[in-house]
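entry_24.cif, holding mmCIF, C-alpha atoms:
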data_start
loop_
_atom_site.label_atom_id
_atom_site.label_comp_id
_atom_site.auth_asym_id
_atom_site.auth_seq_id
_atom_site.Cartn_x
_atom_site.Cartn_y
_atom_site.Cartn_z
CA MET A 948 157.82 135.87 121.23
CA ASN A 949 159.88 132.94 119.91
CA ASP A 950 162.29 133.59 122.72
CA LEU A 951 159.45 133.25 125.21
CA LEU A 952 158.17 130.03 123.64
CA ASP A 953 161.69 128.55 123.67
CA PHE A 954 162.01 129.50 127.33
CA TRP A 955 158.69 127.85 128.10
CA ALA A 956 159.51 124.75 126.04
CA GLU A 957 162.83 124.39 127.88
CA HIS A 958 161.24 124.52 131.32
CA LEU A 959 157.90 122.86 130.60
CA PRO A 960 159.01 119.35 131.70
CA ALA A 961 160.07 120.64 135.12
CA MET A 962 156.82 122.58 135.41
CA LEU A 963 154.76 119.53 134.48
CA ASP A 964 156.64 117.51 137.14
CA GLY A 965 155.61 120.20 139.59
CA LEU A 966 152.00 120.09 138.41
CA LEU A 967 152.03 116.31 138.89
CA VAL A 968 153.14 116.75 142.52
CA SER A 969 150.39 119.39 143.00
CA VAL A 970 147.79 116.98 141.63
CA GLN A 971 149.13 114.11 143.76
CA VAL A 972 148.98 116.16 146.96
CA THR A 973 145.48 117.36 146.09
CA GLY A 974 144.30 113.85 145.21
CA ALA A 975 145.74 112.30 148.38
CA SER A 976 144.30 115.07 150.56
CA LEU A 977 140.87 114.68 149.03
CA ALA A 978 141.01 110.87 149.27
CA ILE A 979 141.71 111.14 153.01
CA GLY A 980 139.90 114.39 153.71
CA VAL A 981 136.45 113.72 152.21
CA PRO A 982 135.87 110.46 154.17
CA LEU A 983 137.20 112.31 157.23
CA GLY A 984 134.67 115.04 156.51
CA LEU A 985 131.89 112.45 156.38
CA VAL A 986 132.96 111.00 159.73
CA LEU A 987 133.20 114.50 161.24
CA ALA A 988 129.76 115.44 159.89
CA LEU A 989 128.24 112.32 161.48
CA MET A 990 130.13 112.95 164.76
CA VAL A 991 128.88 116.56 164.91
CA GLN A 992 125.31 115.25 164.64
CA SER A 993 125.85 112.52 167.22
CA LYS A 994 123.73 112.57 170.37
CA SER A 995 126.53 111.95 172.88
CA LYS A 996 128.68 114.88 173.87
CA PRO A 997 132.35 113.73 173.69
CA PRO A 998 132.41 112.85 169.96
CA ARG A 999 130.51 116.04 169.19
CA ALA A 1000 133.01 118.16 171.12
CA ILE A 1001 136.00 116.49 169.47
CA ALA A 1002 134.52 116.86 165.97
CA LEU A 1003 133.60 120.51 166.59
CA ALA A 1004 137.14 121.30 167.77
CA VAL A 1005 138.71 119.59 164.73
CA VAL A 1006 136.33 121.36 162.34
CA GLU A 1007 136.64 124.80 163.92
CA ILE A 1008 140.45 124.68 163.99
CA GLY A 1009 140.62 123.31 160.44
CA ARG A 1010 138.33 126.04 159.16
CA GLY A 1011 139.51 128.84 161.41
CA ALA A 1012 143.27 128.63 160.98
CA PRO A 1013 144.78 129.48 157.59
CA ALA A 1014 145.87 126.46 155.54
CA LEU A 1015 149.37 127.93 155.43
CA ILE A 1016 149.60 127.84 159.25
CA LEU A 1017 148.32 124.23 159.30
CA LEU A 1018 151.03 123.30 156.78
CA GLN A 1019 153.77 125.00 158.76
CA PHE A 1020 152.42 123.52 161.98
CA THR A 1021 152.68 119.96 160.65
CA TYR A 1022 156.02 120.48 158.86
CA PHE A 1023 157.93 122.73 161.26
CA GLY A 1024 155.95 122.12 164.44
CA LEU A 1025 155.41 118.38 164.73
CA PRO A 1026 159.18 117.58 164.78
CA ASN A 1027 159.22 119.31 168.21
CA ALA A 1028 156.78 116.64 169.35
CA GLY A 1029 159.14 113.95 168.01
CA LEU A 1030 157.28 113.37 164.75
CA SER A 1031 159.39 114.30 161.73
CA LEU A 1032 157.64 113.96 158.39
CA ASP A 1033 158.82 114.75 154.89
CA SER A 1034 157.16 117.64 153.10
CA PHE A 1035 154.77 115.44 151.09
CA ALA A 1036 153.43 113.64 154.18
CA SER A 1037 153.06 116.91 156.11
CA ALA A 1038 151.29 118.52 153.17
CA VAL A 1039 148.84 115.62 152.92
CA ILE A 1040 148.15 115.67 156.67
CA ALA A 1041 147.58 119.44 156.81
CA LEU A 1042 145.49 119.64 153.66
CA SER A 1043 143.45 116.55 154.67
CA TRP A 1044 142.67 118.27 157.96
CA CYS A 1045 141.59 121.36 156.05
CA THR A 1046 139.56 119.27 153.58
CA GLY A 1047 137.91 117.28 156.37
CA ALA A 1048 136.89 120.45 158.19
CA TYR A 1049 135.39 122.15 155.14
CA THR A 1050 133.76 119.07 153.59
CA SER A 1051 132.18 118.11 156.93
CA GLU A 1052 130.18 121.36 156.68
CA ILE A 1053 129.25 120.61 153.05
CA ILE A 1054 128.16 117.06 153.91
CA ARG A 1055 126.29 118.26 157.02
CA ALA A 1056 124.29 120.62 154.81
CA GLY A 1057 123.56 117.64 152.51
CA LEU A 1058 122.44 115.50 155.49
CA GLU A 1059 120.12 118.28 156.64
CA ALA A 1060 118.64 118.53 153.15
CA VAL A 1061 117.32 114.93 153.36
CA PRO A 1062 113.62 115.16 154.32
CA HIS A 1063 112.87 113.96 157.85
CA GLY A 1064 110.24 111.54 156.49
CA GLN A 1065 113.02 109.46 154.94
CA LYS A 1066 114.48 108.73 158.37
CA GLU A 1067 111.05 107.92 159.77
CA ALA A 1068 110.26 105.66 156.83
CA ALA A 1069 113.57 103.80 157.28
CA GLU A 1070 112.74 103.31 160.96
CA ALA A 1071 109.20 102.19 160.11
CA ILE A 1072 110.38 99.41 157.81
CA GLY A 1073 112.71 98.22 160.57
CA LEU A 1074 116.12 99.22 159.23
CA SER A 1075 118.85 99.44 161.84
CA HIS A 1076 120.43 102.86 162.40
CA ALA A 1077 123.52 101.90 160.37
CA ASP A 1078 121.48 100.45 157.51
CA ALA A 1079 119.22 103.50 157.39
CA LEU A 1080 122.30 105.68 157.09
CA ARG A 1081 123.97 103.43 154.53
CA TYR A 1082 121.01 102.74 152.22
CA VAL A 1083 118.62 105.66 152.72
CA ILE A 1084 120.15 108.83 154.15
CA LEU A 1085 123.72 108.95 152.81
CA PRO A 1086 122.98 108.25 149.12
CA GLN A 1087 120.56 111.18 149.08
CA ALA A 1088 122.75 113.48 151.20
CA LEU A 1089 125.89 112.85 149.14
CA ARG A 1090 124.02 113.46 145.89
CA VAL A 1091 123.09 116.92 147.15
CA SER A 1092 126.69 117.57 148.23
CA VAL A 1093 128.39 116.56 144.99
CA PRO A 1094 128.56 119.98 143.22
CA ALA A 1095 129.84 121.72 146.36
CA LEU A 1096 132.41 118.95 146.93
CA LEU A 1097 133.68 119.24 143.34
CA GLY A 1098 133.89 123.02 143.72
CA PHE A 1099 135.90 122.46 146.88
CA ALA A 1100 138.23 120.05 145.04
CA ILE A 1101 139.12 122.88 142.64
CA LEU A 1102 139.88 125.17 145.58
CA MET A 1103 142.06 122.41 147.06
CA LEU A 1104 144.22 122.24 143.92
CA GLN A 1105 144.77 125.96 144.36
CA ALA A 1106 145.48 125.52 148.07
CA SER A 1107 148.16 122.94 147.22
CA SER A 1108 150.19 125.91 145.91
CA LEU A 1109 150.74 126.86 149.58
CA CYS A 1110 153.02 123.82 149.91
CA PHE A 1111 155.64 126.15 148.43
CA ALA A 1112 156.14 127.31 152.02
CA ILE A 1113 157.21 123.82 153.18
CA ALA A 1114 159.57 123.17 150.26
CA LEU A 1115 157.43 120.63 148.45
CA PRO A 1116 158.50 120.64 144.77
CA GLU A 1117 155.02 121.44 143.42
CA LEU A 1118 154.17 123.84 140.58
CA VAL A 1119 154.80 127.14 142.37
CA SER A 1120 158.07 125.92 143.93
CA GLN A 1121 159.29 124.80 140.51
CA ALA A 1122 158.34 128.13 138.95
CA TYR A 1123 160.06 130.03 141.77
CA LEU A 1124 163.17 127.87 141.46
CA ILE A 1125 163.40 128.40 137.69
CA GLY A 1126 162.67 132.10 138.18
CA SER A 1127 165.46 132.50 140.72
CA THR A 1128 168.05 130.68 138.57
CA THR A 1129 167.18 132.45 135.29
CA PHE A 1130 166.03 135.77 136.80
CA ARG A 1131 163.03 135.60 134.50
CA TYR A 1132 160.24 135.49 137.04
CA MET A 1133 157.50 137.01 134.90
CA PRO A 1134 157.38 134.43 132.05
CA ILE A 1135 157.74 131.38 134.28
CA LEU A 1136 155.15 132.55 136.81
CA PHE A 1137 152.89 133.38 133.89
CA LEU A 1138 153.28 129.80 132.68
CA ALA A 1139 152.43 128.52 136.17
CA GLY A 1140 149.32 130.70 136.14
CA LEU A 1141 148.39 129.37 132.71
CA LEU A 1142 148.73 125.76 133.89
CA TYR A 1143 146.49 126.41 136.90
CA ALA A 1144 143.99 128.27 134.73
CA ALA A 1145 144.02 125.48 132.12
CA ILE A 1146 142.77 123.07 134.80
CA CYS A 1147 140.66 125.30 137.02
CA ILE A 1148 138.70 127.34 134.43
CA PRO A 1149 137.25 124.36 132.51
CA ALA A 1150 136.65 122.57 135.83
CA THR A 1151 134.81 125.61 137.25
CA ILE A 1152 132.63 125.86 134.15
CA ALA A 1153 131.89 122.11 134.25
CA VAL A 1154 130.94 122.21 137.95
CA GLY A 1155 128.68 125.21 137.27
CA ALA A 1156 126.96 123.33 134.45
CA LEU A 1157 126.53 120.23 136.62
CA GLU A 1158 125.07 122.38 139.40
CA ARG A 1159 122.52 123.91 137.02
CA LYS A 1160 121.64 120.48 135.66
CA LEU A 1161 121.13 118.95 139.10
CA GLY A 1162 119.32 122.06 140.28
CA ALA A 1163 116.81 121.70 137.45
CA HIS A 1164 115.69 118.33 138.87
CA ALA A 1165 115.50 119.34 142.50
CA MET B 1008 156.64 130.06 175.50
CA THR B 1009 158.07 133.28 176.79
CA GLN B 1010 156.53 136.70 176.69
CA ASP B 1011 159.10 137.75 174.11
CA ILE B 1012 157.90 135.12 171.62
CA LEU B 1013 154.24 135.99 172.16
CA LEU B 1014 154.97 139.68 171.69
CA ASN B 1015 156.87 139.02 168.47
CA ILE B 1016 154.02 137.05 166.96
CA ALA B 1017 151.50 139.66 168.11
CA LEU B 1018 153.53 142.32 166.25
CA GLY B 1019 152.11 140.83 163.09
CA VAL B 1020 148.48 141.45 164.07
CA PRO B 1021 148.26 145.11 162.90
CA TRP B 1022 149.74 144.13 159.52
CA THR B 1023 147.31 141.25 159.10
CA ILE B 1024 144.39 143.57 159.91
CA ALA B 1025 145.71 146.34 157.65
CA LEU B 1026 146.29 143.98 154.73
CA THR B 1027 142.84 142.42 155.09
CA ALA B 1028 141.15 145.84 155.38
CA VAL B 1029 143.00 147.39 152.43
CA SER B 1030 142.43 144.45 150.08
CA LEU B 1031 138.79 144.21 151.17
CA ALA B 1032 138.31 147.92 150.44
CA ILE B 1033 139.96 147.61 147.02
CA GLY B 1034 137.90 144.52 146.24
CA MET B 1035 134.58 145.99 147.37
CA LEU B 1036 135.14 149.08 145.20
CA LEU B 1037 136.50 147.33 142.09
CA GLY B 1038 133.83 144.67 142.46
CA ILE B 1039 131.12 147.24 141.62
CA PRO B 1040 132.23 148.08 138.05
CA LEU B 1041 133.15 144.43 137.50
CA CYS B 1042 129.65 143.33 138.53
CA ALA B 1043 128.13 146.07 136.34
CA MET B 1044 130.17 144.76 133.38
CA ARG B 1045 129.16 141.19 134.18
CA MET B 1046 125.49 142.19 134.00
CA SER B 1047 125.84 144.57 131.06
CA LYS B 1048 123.61 144.37 128.00
CA LEU B 1049 126.71 144.44 125.76
CA GLY B 1050 127.98 140.95 125.06
CA LEU B 1051 131.59 142.10 124.75
CA LEU B 1052 131.66 143.72 128.21
CA ARG B 1053 129.99 140.64 129.69
CA ALA B 1054 132.59 138.36 128.08
CA ILE B 1055 135.50 140.49 129.33
CA ALA B 1056 134.11 140.53 132.88
CA ASN B 1057 133.48 136.80 132.73
CA ILE B 1058 137.04 136.06 131.64
CA LEU B 1059 138.48 138.43 134.26
CA ILE B 1060 136.44 136.86 137.07
CA LEU B 1061 137.23 133.29 135.99
CA THR B 1062 140.95 133.99 135.62
CA LEU B 1063 141.27 135.86 138.90
CA ARG B 1064 139.58 133.01 140.72
CA ALA B 1065 141.24 130.13 138.86
CA ILE B 1066 144.86 131.07 139.63
CA PRO B 1067 145.97 130.58 143.26
CA PRO B 1068 146.58 133.77 145.30
CA ILE B 1069 150.25 132.87 145.83
CA VAL B 1070 150.83 132.90 142.05
CA TRP B 1071 149.20 136.34 141.76
CA LEU B 1072 151.32 137.71 144.60
CA PHE B 1073 154.52 136.31 143.04
CA LEU B 1074 153.54 137.66 139.60
CA ILE B 1075 153.00 141.14 141.02
CA PHE B 1076 155.93 141.16 143.43
CA PHE B 1077 158.64 139.29 141.47
CA GLY B 1078 157.20 139.33 137.95
CA LEU B 1079 156.39 143.03 137.59
CA ASP B 1080 159.56 144.09 139.34
CA THR B 1081 161.56 144.58 136.16
CA GLY B 1082 162.85 148.08 136.85
CA TYR B 1083 159.87 150.00 135.54
CA VAL B 1084 157.59 149.46 138.50
CA SER B 1085 158.39 147.96 141.81
CA PHE B 1086 156.14 147.44 144.78
CA THR B 1087 156.80 147.01 148.45
CA PRO B 1088 155.62 143.61 149.70
CA PHE B 1089 152.61 145.24 151.36
CA GLN B 1090 151.60 147.06 148.16
CA ALA B 1091 152.00 143.92 146.05
CA ALA B 1092 149.96 141.84 148.52
CA SER B 1093 147.18 144.46 148.72
CA ILE B 1094 146.94 144.71 144.94
CA GLY B 1095 146.96 140.93 144.44
CA LEU B 1096 144.47 140.09 147.19
CA GLY B 1097 142.42 143.18 146.25
CA LEU B 1098 142.01 142.01 142.66
CA ILE B 1099 141.02 138.48 143.74
CA THR B 1100 138.56 140.00 146.21
CA ALA B 1101 137.11 142.18 143.43
CA ALA B 1102 136.30 139.09 141.37
CA ASN B 1103 134.66 137.37 144.33
CA MET B 1104 132.78 140.51 145.42
CA ALA B 1105 131.45 140.95 141.87
CA GLU B 1106 129.91 137.48 142.12
CA ILE B 1107 128.53 138.24 145.59
CA TYR B 1108 126.95 141.49 144.32
CA ARG B 1109 125.48 139.63 141.38
CA GLY B 1110 123.92 137.07 143.70
CA ALA B 1111 122.54 139.85 145.90
CA MET B 1112 121.14 141.68 142.87
CA ALA B 1113 118.99 138.64 142.10
CA ALA B 1114 117.56 138.80 145.63
CA ILE B 1115 116.21 142.35 145.18
CA HIS B 1116 112.49 142.32 144.52
CA PRO B 1117 111.64 143.17 140.87
CA GLY B 1118 108.98 145.55 142.18
CA GLN B 1119 111.77 147.83 143.40
CA TRP B 1120 113.02 148.28 139.84
CA GLU B 1121 109.53 148.82 138.52
CA ALA B 1122 108.86 151.40 141.20
CA THR B 1123 111.97 153.42 140.31
CA HIS B 1124 110.85 153.41 136.69
CA ALA B 1125 107.34 154.46 137.67
CA LEU B 1126 108.80 157.34 139.69
CA GLY B 1127 110.93 158.35 136.69
CA MET B 1128 114.22 158.19 138.64
CA SER B 1129 117.48 158.63 136.75
CA THR B 1130 119.90 155.68 136.59
CA TRP B 1131 122.17 157.24 139.20
CA TYR B 1132 119.40 157.87 141.76
CA ARG B 1133 117.85 154.48 141.03
CA PHE B 1134 121.05 152.82 142.20
CA TYR B 1135 122.14 155.35 144.81
CA ASP B 1136 118.82 155.70 146.61
CA VAL B 1137 116.99 152.45 146.02
CA ILE B 1138 119.05 149.52 144.76
CA ALA B 1139 122.50 149.98 146.34
CA PRO B 1140 121.32 150.35 149.97
CA GLN B 1141 119.36 147.11 149.71
CA LEU B 1142 122.11 145.42 147.70
CA PHE B 1143 124.71 145.97 150.42
CA ARG B 1144 122.36 144.70 153.12
CA VAL B 1145 121.62 141.51 151.20
CA ALA B 1146 125.31 141.02 150.31
CA LEU B 1147 126.54 141.57 153.87
CA PRO B 1148 126.53 137.99 155.22
CA SER B 1149 128.36 136.54 152.19
CA ALA B 1150 130.73 139.51 152.17
CA ALA B 1151 131.49 138.93 155.85
CA SER B 1152 132.24 135.25 155.38
CA TYR B 1153 134.42 136.19 152.43
CA ALA B 1154 136.20 138.72 154.65
CA ILE B 1155 136.97 135.94 157.15
CA GLY B 1156 138.37 133.86 154.29
CA LEU B 1157 140.42 136.83 153.17
CA LEU B 1158 141.82 137.28 156.68
CA LYS B 1159 143.15 133.72 156.46
CA ASP B 1160 144.35 134.16 152.87
CA SER B 1161 146.36 137.19 154.00
CA ALA B 1162 148.74 134.67 155.60
CA ILE B 1163 149.94 133.98 152.05
CA ALA B 1164 151.48 137.46 152.00
CA SER B 1165 154.14 136.12 154.37
CA THR B 1166 155.70 134.35 151.36
CA ILE B 1167 156.60 137.70 149.79
CA GLY B 1168 157.74 139.16 153.10
CA VAL B 1169 154.85 141.19 154.51
CA ASN B 1170 155.55 140.95 158.22
CA GLU B 1171 152.11 139.84 159.31
CA ILE B 1172 151.26 137.02 161.73
CA ALA B 1173 152.40 134.06 159.61
CA TYR B 1174 155.66 135.83 158.72
CA GLN B 1175 156.39 136.72 162.34
CA ALA B 1176 155.58 133.15 163.38
CA SER B 1177 157.96 131.57 160.87
CA HIS B 1178 160.60 134.17 161.74
CA VAL B 1179 160.37 133.47 165.48
CA SER B 1180 160.23 129.74 164.82
CA GLN B 1181 163.45 129.84 162.81
CA ARG B 1182 165.17 131.90 165.50
CA THR B 1183 164.13 129.73 168.45
CA PHE B 1184 163.99 126.30 166.73
CA ARG B 1185 160.50 125.81 168.10
CA GLY B 1186 157.45 125.27 165.95
CA LEU B 1187 154.66 123.46 167.70
CA ASP B 1188 153.60 126.14 170.17
CA ILE B 1189 154.47 129.07 167.91
CA TYR B 1190 152.32 127.95 164.99
CA ALA B 1191 149.55 126.91 167.38
CA VAL B 1192 149.53 130.46 168.78
CA ALA B 1193 149.54 131.91 165.26
CA GLY B 1194 146.59 129.72 164.24
CA LEU B 1195 144.74 130.71 167.41
CA LEU B 1196 145.35 134.40 166.65
CA TYR B 1197 143.69 134.03 163.25
CA ILE B 1198 140.69 132.28 164.83
CA LEU B 1199 140.44 135.02 167.48
CA LEU B 1200 140.64 137.74 164.81
CA SER B 1201 137.87 136.15 162.76
CA LEU B 1202 135.46 136.00 165.74
CA PRO B 1203 134.73 139.77 165.89
CA ILE B 1204 134.03 139.81 162.14
CA ALA B 1205 131.52 136.98 162.58
CA TRP B 1206 129.86 138.72 165.54
CA ALA B 1207 129.71 142.11 163.82
CA SER B 1208 128.24 140.53 160.72
CA ARG B 1209 125.56 138.69 162.69
CA TRP B 1210 124.66 141.88 164.59
CA ALA B 1211 124.58 144.04 161.46
CA ASP B 1212 122.58 141.45 159.56
CA LEU B 1213 119.98 141.33 162.31
CA HIS B 1214 119.59 145.12 162.26
CA LEU B 1215 119.82 145.76 158.52
CA ARG B 1216 117.87 142.79 157.17
CA SER B 1217 114.55 144.29 158.23
CA ARG B 1218 115.14 147.23 155.94
CA VAL B 1219 115.09 145.28 152.67
CA ALA B 1220 111.85 145.24 150.68
CA ARG B 1221 110.45 141.78 149.97
#
Would you put the structure from the file into structure tokens?
Amino acid sequence: MNDLLDFWAEHLPAMLDGLLVSVQVTGASLAIGVPLGLVLALMVQSKSKPPRAIALAVVEIGRGAPALILLQFTYFGLPNAGLSLDSFASAVIALSWCTGAYTSEIIRAGLEAVPHGQKEAAEAIGLSHADALRYVILPQALRVSVPALLGFAILMLQASSLCFAIALPELVSQAYLIGSTTFRYMPILFLAGLLYAAICIPATIAVGALERKLGAHA
Amino acid sequence: MTQDILLNIALGVPWTIALTAVSLAIGMLLGIPLCAMRMSKLGLLRAIANILILTLRAIPPIVWLFLIFFGLDTGYVSFTPFQAASIGLGLITAANMAEIYRGAMAAIHPGQWEATHALGMSTWYRFYDVIAPQLFRVALPSAASYAIGLLKDSAIASTIGVNEIAYQASHVSQRTFRGLDIYAVAGLLYILLSLPIAWASRWADLHLRSRVAR
């Protein structure tokens, strides 16, 4: 047991460095992906065809293809098109795409949950289309979407583990590296699992509680 | 894009389908006792099920696959990549299916339970004849969308060397030094594979929904 704790203590700094990279990739992807999802959700609802078609294609590919393939596509594929990116940039691009696609569906559901009367009322008091969206529709729609978006953020932290495949030094890559140099895969992977669980389990419980609390008012 | 490349990527399709089907089967079966434990009257069983479900869902699939494939391989037991991937994805599916069953259970009309009691049915027949048939019909749409998610998650098995679509794609890409078209084809294959599941689910839902008591 002491042996195990010593082993963990020795490698914990490297693992925490990895966790930091995981959190950075997740944070950057969410920061780009959620606004992208909002834009996509509005484009899908637009009345003119071209933006709707573009948004639908982006969403369907982002949701239909595995995140791993998106990552490999941006990291190994884009250099063929003359665009070489380092693993962090490719990871952020691929995961933002994925985030945008999924969150656009979450936000669309939120937009549809806003009663139609709100839009009519905004029109009746003479708000422009943009103002109606900004001051009336979006605040209500986003409030409905918050629990689902937070739940998705937790899934995104887990998805960042796929960046192992494109050699980004995040948590799983670090664990694998330490495992392959010490030949002690089990304890180090167990520690990686513990670190993920230490973030994701409390976060899942908190999101569930928030959902129940918001649901009680709806 | 030559025929040879396309053929090589397509070689992964049966493995992707097999892995998805096997882990879905494991998950759907193991999900039943897990859901039963989660809804048990005994606090201890409920707590165990809760912890199991939370842990299985909180740790990324890739970590589970590595734990099973590299971590357990200490000489006592060792798995082939396919076995390790099926076990790992199967366990994660079990946790998710347990939650789907639990959600479906809430959608079954309380009158159905009361009726089975009034008829004096035993626990086994209550579930086998009355509850389970309706449960599966209610759970079908969420189970189908989970199955589509699982199909995409099966790509993760390429990291431990199951030669499914993503593995074949990265293999071919390394051999030919091409990535753009190869990964685009691989992504398209996953989308194409998920379409029949979506259609089948919509068709089955349309036909089975009517046979659930409200």
- Note on the structure: Judged by all atoms listed in the file, the minimum distance to Leu1118 in chain A among A:Ala1079, A:Leu1104, A:Ile979, A:Ala1038 is found for A:Leu1104
- Item | Contacts of Ile1155 in chain B at 12 Å (all atoms listed in the file; same-chain gap of 5+ positions) as a list in words |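 Non-adjacent residues within range: Arg1010, Gly1011, Ala1012 and Pro1013 of chain A; Thr1023, Ile1024, Thr1027, Ala1028, Leu1031, Thr1100, Pro1148, Ser1149, Ala1150, Asp1160, Ser1161, Ala1162, Tyr1197, Ile1198, Leu1199, Leu1200, Ser1201, Leu1202, Pro1203, Ile1204, Ala1205, Trp1206, Ala1207 and Ser1208 of chain B.
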- Name the residues that the PyMOL selection byres ((chain B and resi 1073-1087) around 10) pulls out of this structure, and write them as number ranges by chain. A: 1119, 1122-1123, 1126-1127, 1130-1137, 1139-1140; B: 1068-1072, 1088-1095, 1164, 1166-1169
- Message: Assuming the chain letters and numbering stay as they are in my file, what does the PyMOL selection byres ((chain A and resi 1092) around 10) actually select? List them as number ranges by chain.
- Response: A: 1050, 1052-1058, 1060, 1087-1091, 1093-1097
- Long-range neighbours of Ser1165 in chain B as a PyMOL selection string, 9 Å cut-off, all atoms listed in the file, 5 positions minimum in chain: chain B and resi 1088+1170-1175+1177
- Between A:Val1154, A:Ile1001, A:Ile1040, A:Leu1025, single out the one closest to chain B, counting only C-alpha atoms.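 Residue with the minimum atom-to-atom distance to chain B: A:Leu1025.
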- Message: Only residues of chain B matter here; which ones have an atom within 6 Å of chain A, counting all atoms listed in the file? Give them as a list in words.
- Response: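 Therefore, the residues near the partner are Ala1065, Ile1066, Pro1067, Gly1078, Lys1159, Gly1186, Leu1187, Tyr1190, Gly1194, Tyr1197 and Ile1198 of chain B.
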- Message: Just to confirm, what's the straight-line distance from CA of Phe1134 in chain B to CA of Ala1122 in chain B in Å (one decimal)?
- Response: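 Computed distance, CA of Phe1134 in chain B to CA of Ala1122 in chain B, equals 12.3 Å.
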- Task: Tell me, in Å to one decimal, how far CA of Val1005 in chain A is from CA of Ala1048 in chain A.
- Result: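 Taking CA of Val1005 in chain A as the start and CA of Ala1048 in chain A as the end point, the length is 6.8 Å.
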